[in-house]
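Colleague: Can you read through this structure? Questions will come right after.
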Amino acid sequence: MKTRRFRSNATSPGIAIGRVVKLQGRASTYIRYWMKNSDIEDEVNRLRVAIQKSREQLDQIQTKMCRYQGQDQINIIDSHRMFLQDDMLIATTIQHIRGHKINAEWALDKTLAHLKLSFLNVDEKYFRERQQDIDYVGRRVMDNLMGTTDFPLAKLPREDTIIVVHDLSPAEVANLPKNVVKGFIMESGGETSHTAIIARALEIPALIGVKGIYEELQNGEVAIVDGMKGLAIASPSKREREQYHTIQKNYSALEKVLMQDIHLPAETKDGYRINIEGNMEMLEEIPSLLDHGAEGIGLYRTEYLFLNRLDEPGEEEQYDNYVEVLDRLSPRPVTIRTVDIGGDKMPLTQSYDGQVNPALGLRAIRLCLKEIHIFKMQLRALIRASVHGNLRILIPMISGLEEVRRVKKLISSIKNELKEEGTPFKENIPLGIMIEVPSAVFMAPELAREVDFFSIGTNDLIQYGLAIDRINEHVSYLYNPFHPAVLRMIRKTVKAAKEAKIKVSLCGELAGDPLAISLMVGMELDAISMNPVSIPMVKKTLRYITKSQSQKLVSKVLTFATADEVEKYLKRKSSDSLPENIRKLHMVGG
């Protein structure tokens with residue numbers, strides 16, 4: 001069979017080789033029927049029994065998780081257990097049984113449909129992934145009502161297996177028999193989903209959000225899951241299989257090599273220091289960040305606080321969250337980005353549905369400056385929390401000076417309010433902006449005089465700079481972080497920051513690519529922020545290069561006219577500078 005490659009964001013590190021087993025999703029059909037008055041309470045009891053059984057199942061899974069991980073990962077399963085006690089689920093379903101005189105399956109389906117109606121037409125990935133948690137819990141209760149069970153994992157072949165599936169819940173991932181299931185590939189979800197977090201916690205190599213792969217792969221064919229590179233290879237060549245078997249065989253030793261320096265300062269052979277920080281969305285990710293050697297939080301996306309609900313979070317709730325992050329990371333720096341979502345993707349009193357192109361519409365700072373009460377509430381919570389750690393506030397999607405000055409004016413007024421209230425806060429909290437639209441790149445010299453630091457958001461900068469929707473399968477192949485235009489925008493931004501004597505960092509997928517580290521050093525970035533699983537490789541790579549060599553490399557790379565030329569040159573230079581064991585680990589399959 002022909003070799004095929006499938007890519008996704010790196011989700012859970014490690015390498016798995018096995019034969020494909022495609023697991024069918026459960027049937028969603030159920031029998032609908034009306035109840036006699038005399039049978040209604042028996043039907044209510046049947047629902048209660050199914051819910052209790054679901055709780056017991058999740059208790060068992062949570063107990064299993066205790067053997068592997070700490071409380072943060074266990075909380076994901078606990079959040080599902082808590083949902084089984086929520087009146088929105090139980091009381092509403094019972095009301096449907098009694099009020100409409102219908103069976104429990106039908107009533108439960110109506111309840112779940114009502115809950116999910118709140119998410120209708122929402123395309124924000126964080127919101128979609130939290131919606132999946134509702135699906136998982138509802139599906140478990142429905143299974144217990146109908147007498148069906150989890151995927152038939154006991155019937156899996158007794159050989160190394162790669163599961164291919166449309167969807168797996170966090171609880172189902174926790175139940176995978178690791179002696180048989182070496183990795184999995186899932187069509188739905190994303191890198192911030194609870195399923196992805198559990199996979200990382202249990203160290204199961206995985207790719208998540210690989211659209212269309214279920215139909216593309218065949219039962220029984222050999223597949224490789226490279227969770228570090230976000231790559232799946234179906235029917236690999238003999239040479240590729242041998243290469244990956246060699247890496248897999250030596251992976252534990254190589255992992256030790258990568259992990260041995262994670263708590264050392266991130267610096268080059270000639271002493272250039274660059275802070276290696278981590279990205280996070282949820283509190284559950286903090287242990288992974290610390291375990292992988294993060295020197296701080298370079299990007300805390302606060303969208304999850306706003307999107308995992310049907311109302312907006314209050315000031316106290318946000319304050320408590322920020323305090324916990326700052327306390328747990330102290331004295332490391334923590335960069336918290338203000339909410340970056342669009343008006344059609346969050347619970348507001350005023351709706352902004354129907355934007356033709358929401359990515360270019362009312363979102364991020366534009367929305368915050370329109371819905372000022374929401375923005376002010378978040379800024380108050382952040383400023384109050386500042387006394388608990390090393391806080392930096394980051395504003396997303398800045399396109400010009402006017403927005404920055406409005407933000408600074410608002411922060412000043414909030415500080416005056418807090419002084420009058422007698423509420424303590426740090427006076428000099430660093431304020432930064434994301435450079436992720438071309439206008440900000442061209443205005444970087446002027447913007448640098450207004451703020452304390454820049455954070456270059458490469459994912460959006462590539463998308464906006466190259467006019468590419470990377471989730472559009474027809475043009476996603478054009479999305480390339482090594483495009484000369486992208487590298488020149490980064491260089492221009494860094495130069496402006498250096499001239500203004502402010503700090504400049506970079507986040508996005510490019511930050512975690514070992515191939516790009518020499519570029520980041522050569523451009524003299526102060527910090528880079530990435531997925532925590534990428535940190536050990538980046539730190540190890542950093543310790544084998546020099547700033548002087550990297551500066552020469554940047555000068556050469558900026559003369560190239562195509563991304564292909566850039567990548568080939570960087571790969572050749574990496575081969576020259578890295579030891580063989582490290583080079584093999586991140587060059588195979590590229």
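Starting from 1 in every chain, residues are counted up; chains themselves are A, B, ... following the order of the structure tokens, and ligands are numbered from 1 as listed.
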Write out as a PyMOL selection string each polymer residue whose atoms come within 9 Å of segment 289-304 of chain A, counting only C-alpha atoms; drop sequence neighbours fewer than 5 positions from it.
Modeller: chain A and resi 126-127+130+259+261-266+275-282+309+329-341+394+455+505-507+527-536+539
Colleague: Compare A:Arg449, A:Gly230, A:Ile224, A:Lys571 by their minimum atom-to-atom distance to Gln243 of chain A, counting only C-alpha atoms, and give me the closest one.
Modeller: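 Of A:Arg449, A:Gly230, A:Ile224, A:Lys571, the one nearest Gln243 of chain A, counting only C-alpha atoms, is A:Ile224.
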Colleague: In terms of the shortest atom-to-atom distance over only C-alpha atoms, which of A:Ile414, A:Ile517, A:Ile134, A:Ile102 is closest to Leu115 of chain A?
Modeller: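 Counting only C-alpha atoms, the residue closest to Leu115 of chain A is A:Ile134.
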Colleague: Name the residues in contact with Leu515 of chain A at a cut-off of 10 Å, using only C-alpha atoms, excluding same-chain residues fewer than 6 positions from it; report them as a list of chain:residue names.
Modeller: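 The neighbour list is A:Phe482, A:Val538, A:Thr541, A:Glu567, A:Leu570, A:Lys571, A:Lys573, A:Ser574, A:His586, A:Met587.
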Colleague: In terms of the shortest atom-to-atom distance over only C-alpha atoms, which of A:Thr423, A:Asn416, A:Thr493, A:Thr161 is closest to Val437 of chain A?
Modeller: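 Among A:Thr423, A:Asn416, A:Thr493, A:Thr161, it is A:Thr493 that comes nearest to Val437 of chain A.
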Colleague: Env of Gln549 of chain A: 9 Å cut, atoms = only C-alpha atoms, seq-sep filter 5 positions within chain, self excluded. Answer as a list in words.
Modeller: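 Once the nearby chain positions are removed, what remains is Ser518, Gly522 and Val554 of chain A.
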Colleague: Identify which of the residues A:Ala201, A:Gln378, A:Leu305, A:Met397 lies closest to Gly361 of chain A, counting only C-alpha atoms when measuring atom-to-atom distances.
Modeller: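 Using only C-alpha atoms, the shortest distance to Gly361 of chain A belongs to A:Met397.
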Colleague: In segment 2-229 of chain A, what's strand (DSSP E) per DSSP? Answer as a ChimeraX atom specification?
Modeller: /A:4-7,15-23,161-165,181-186,206-208,222-226
Colleague: Using only C-alpha atoms, which residues sit within 10 Å of Ile429 of chain A once same-chain residues fewer than 3 positions away are excluded, as a list in words?
Modeller: Leu382, Ile383, Ser386, Val387, Asn390, Leu391, Arg392, Ile393, Phe425, Lys426, Gly432 and Asp452 of chain A
Colleague: Can you tell me, as an mmCIF file with N, CA and C atoms, in the first residue's frame, what residues are no more than 12 Å from Asn144 of chain A when counting only C-alpha atoms, ignoring any on the same chain fewer than 4 positions away?
Modeller:
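Final file, around_25.cif:
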data_model
loop_
_atom_site.group_PDB
_atom_site.id
_atom_site.type_symbol
_atom_site.label_atom_id
_atom_site.label_comp_id
_atom_site.auth_asym_id
_atom_site.auth_seq_id
_atom_site.Cartn_x
_atom_site.Cartn_y
_atom_site.Cartn_z
ATOM 1 N N ARG A 46 -34.797 4.887 36.738
ATOM 2 C CA ARG A 46 -33.875 4.294 35.769
ATOM 3 C C ARG A 46 -32.798 5.304 35.368
ATOM 4 N N LEU A 47 -33.208 6.560 35.220
ATOM 5 C CA LEU A 47 -32.238 7.618 34.931
ATOM 6 C C LEU A 47 -31.260 7.773 36.092
ATOM 7 N N ARG A 48 -31.773 7.793 37.311
ATOM 8 C CA ARG A 48 -30.905 7.969 38.476
ATOM 9 C C ARG A 48 -29.888 6.821 38.590
ATOM 10 N N VAL A 49 -30.332 5.615 38.290
ATOM 11 C CA VAL A 49 -29.428 4.457 38.342
ATOM 12 C C VAL A 49 -28.320 4.601 37.299
ATOM 13 N N ALA A 50 -28.684 5.050 36.097
ATOM 14 C CA ALA A 50 -27.687 5.230 35.035
ATOM 15 C C ALA A 50 -26.687 6.311 35.406
ATOM 16 N N ILE A 51 -27.164 7.377 36.032
ATOM 17 C CA ILE A 51 -26.266 8.453 36.454
ATOM 18 C C ILE A 51 -25.344 7.963 37.568
ATOM 19 N N GLN A 52 -25.890 7.206 38.526
ATOM 20 C CA GLN A 52 -25.068 6.668 39.604
ATOM 21 C C GLN A 52 -24.015 5.712 39.059
ATOM 22 N N LYS A 53 -24.397 4.873 38.106
ATOM 23 C CA LYS A 53 -23.435 3.948 37.502
ATOM 24 C C LYS A 53 -22.330 4.728 36.778
ATOM 25 N N SER A 54 -22.701 5.811 36.117
ATOM 26 C CA SER A 54 -21.718 6.648 35.424
ATOM 27 C C SER A 54 -20.735 7.254 36.417
ATOM 28 N N ARG A 55 -21.252 7.696 37.569
ATOM 29 C CA ARG A 55 -20.376 8.246 38.607
ATOM 30 C C ARG A 55 -19.383 7.193 39.092
ATOM 31 N N GLU A 56 -19.884 5.974 39.320
ATOM 32 C CA GLU A 56 -19.018 4.899 39.812
ATOM 33 C C GLU A 56 -17.929 4.573 38.792
ATOM 34 N N GLN A 57 -18.278 4.581 37.509
ATOM 35 C CA GLN A 57 -17.293 4.316 36.464
ATOM 36 C C GLN A 57 -16.201 5.383 36.470
ATOM 37 N N ALA A 104 -36.370 7.972 29.357
ATOM 38 C CA ALA A 104 -35.184 8.661 29.870
ATOM 39 C C ALA A 104 -34.204 9.015 28.765
ATOM 40 N N GLU A 105 -33.992 8.115 27.771
ATOM 41 C CA GLU A 105 -33.069 8.401 26.682
ATOM 42 C C GLU A 105 -33.511 9.636 25.902
ATOM 43 N N LEU A 108 -33.038 12.734 28.094
ATOM 44 C CA LEU A 108 -31.624 13.109 28.186
ATOM 45 C C LEU A 108 -31.162 13.770 26.899
ATOM 46 N N VAL A 137 -19.890 13.208 28.794
ATOM 47 C CA VAL A 137 -20.682 12.834 29.964
ATOM 48 C C VAL A 137 -22.067 12.343 29.540
ATOM 49 N N GLY A 138 -22.685 13.058 28.619
ATOM 50 C CA GLY A 138 -23.997 12.630 28.138
ATOM 51 C C GLY A 138 -23.945 11.262 27.485
ATOM 52 N N ARG A 139 -22.875 10.999 26.733
ATOM 53 C CA ARG A 139 -22.736 9.712 26.059
ATOM 54 C C ARG A 139 -22.590 8.580 27.064
ATOM 55 N N ARG A 140 -21.866 8.845 28.148
ATOM 56 C CA ARG A 140 -21.684 7.804 29.171
ATOM 57 C C ARG A 140 -23.005 7.459 29.832
ATOM 58 N N THR A 148 -25.229 -0.376 26.823
ATOM 59 C CA THR A 148 -24.023 -0.548 26.006
ATOM 60 C C THR A 148 -22.796 -0.238 26.850
ATOM 61 N N THR A 149 -21.621 -0.571 26.331
ATOM 62 C CA THR A 149 -20.391 -0.405 27.099
ATOM 63 C C THR A 149 -19.412 0.468 26.339
ATOM 64 N N ASP A 150 -18.267 0.714 26.969
ATOM 65 C CA ASP A 150 -17.191 1.449 26.307
ATOM 66 C C ASP A 150 -16.720 0.680 25.079
#
Colleague: Just give me the gap between atom CA of Glu371 of chain A and atom CA of Leu326 of chain A in Å, one decimal is fine.
Modeller: 26.4 Å
Colleague: Applying 7 Å and only C-alpha atoms, which residues near Met35 of chain A remain after dropping the ones on its own chain fewer than 5 positions away? List them as a list in words.
Modeller: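 Listing them by chain and then by number gives Ile40, Lys101, Ile102 and Asn103 of chain A.
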Colleague: Selection from above, N, CA, C and O atoms, as a compact mmCIF listing (two decimals), in the first residue's frame, can you write it?
Modeller:
# COMPACT_ATOMS: atom_id res chain seq x y z
N ILE A 40 -43.94 6.53 35.11
CA ILE A 40 -43.05 7.69 35.04
C ILE A 40 -41.98 7.66 36.13
O ILE A 40 -40.79 7.89 35.86
N LYS A 101 -43.74 13.19 29.60
CA LYS A 101 -44.09 11.76 29.71
C LYS A 101 -43.34 10.95 28.65
O LYS A 101 -43.93 10.18 27.89
N ILE A 102 -42.02 11.12 28.63
CA ILE A 102 -41.19 10.44 27.64
C ILE A 102 -40.12 9.61 28.37
O ILE A 102 -39.85 9.83 29.55
N ASN A 103 -39.53 8.67 27.63
CA ASN A 103 -38.52 7.80 28.24
C ASN A 103 -37.23 8.56 28.52
O ASN A 103 -36.99 9.66 27.99
Colleague: As a list in words, please: every residue in segment 243-295 of chain A that DSSP puts in helix (DSSP H, G or I).
Modeller: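 Output for segment 243-295 of chain A, helix (DSSP H, G or I) only: Gln243, Tyr244, His245, Thr246, Ile247, Gln248, Lys249, Tyr251, Ser252, Ala253, Leu254, Glu255, Lys256, Val257, Leu258, Met259, Leu283, Glu284, Glu285, Ile286, Pro287, Ser288, Leu289, Leu290 and Asp291 of chain A.
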Colleague: Between atom CA of Leu89 of chain A and atom CA of Thr195 of chain A, what is the spacing in Å?
Modeller: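 Atom CA of Leu89 of chain A lies 21.7 Å from atom CA of Thr195 of chain A.
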Colleague: Tell me, in Å to one decimal, how far atom CA of Gln218 of chain A is from atom CA of Val20 of chain A.
Modeller: 6.8 Å
Colleague: Could you check the closest approach to Ile163 of chain A for each of A:Phe560, A:Tyr30, A:Tyr214, A:Phe375 and tell me which residue wins, using only C-alpha atoms?
Modeller: A:Tyr214
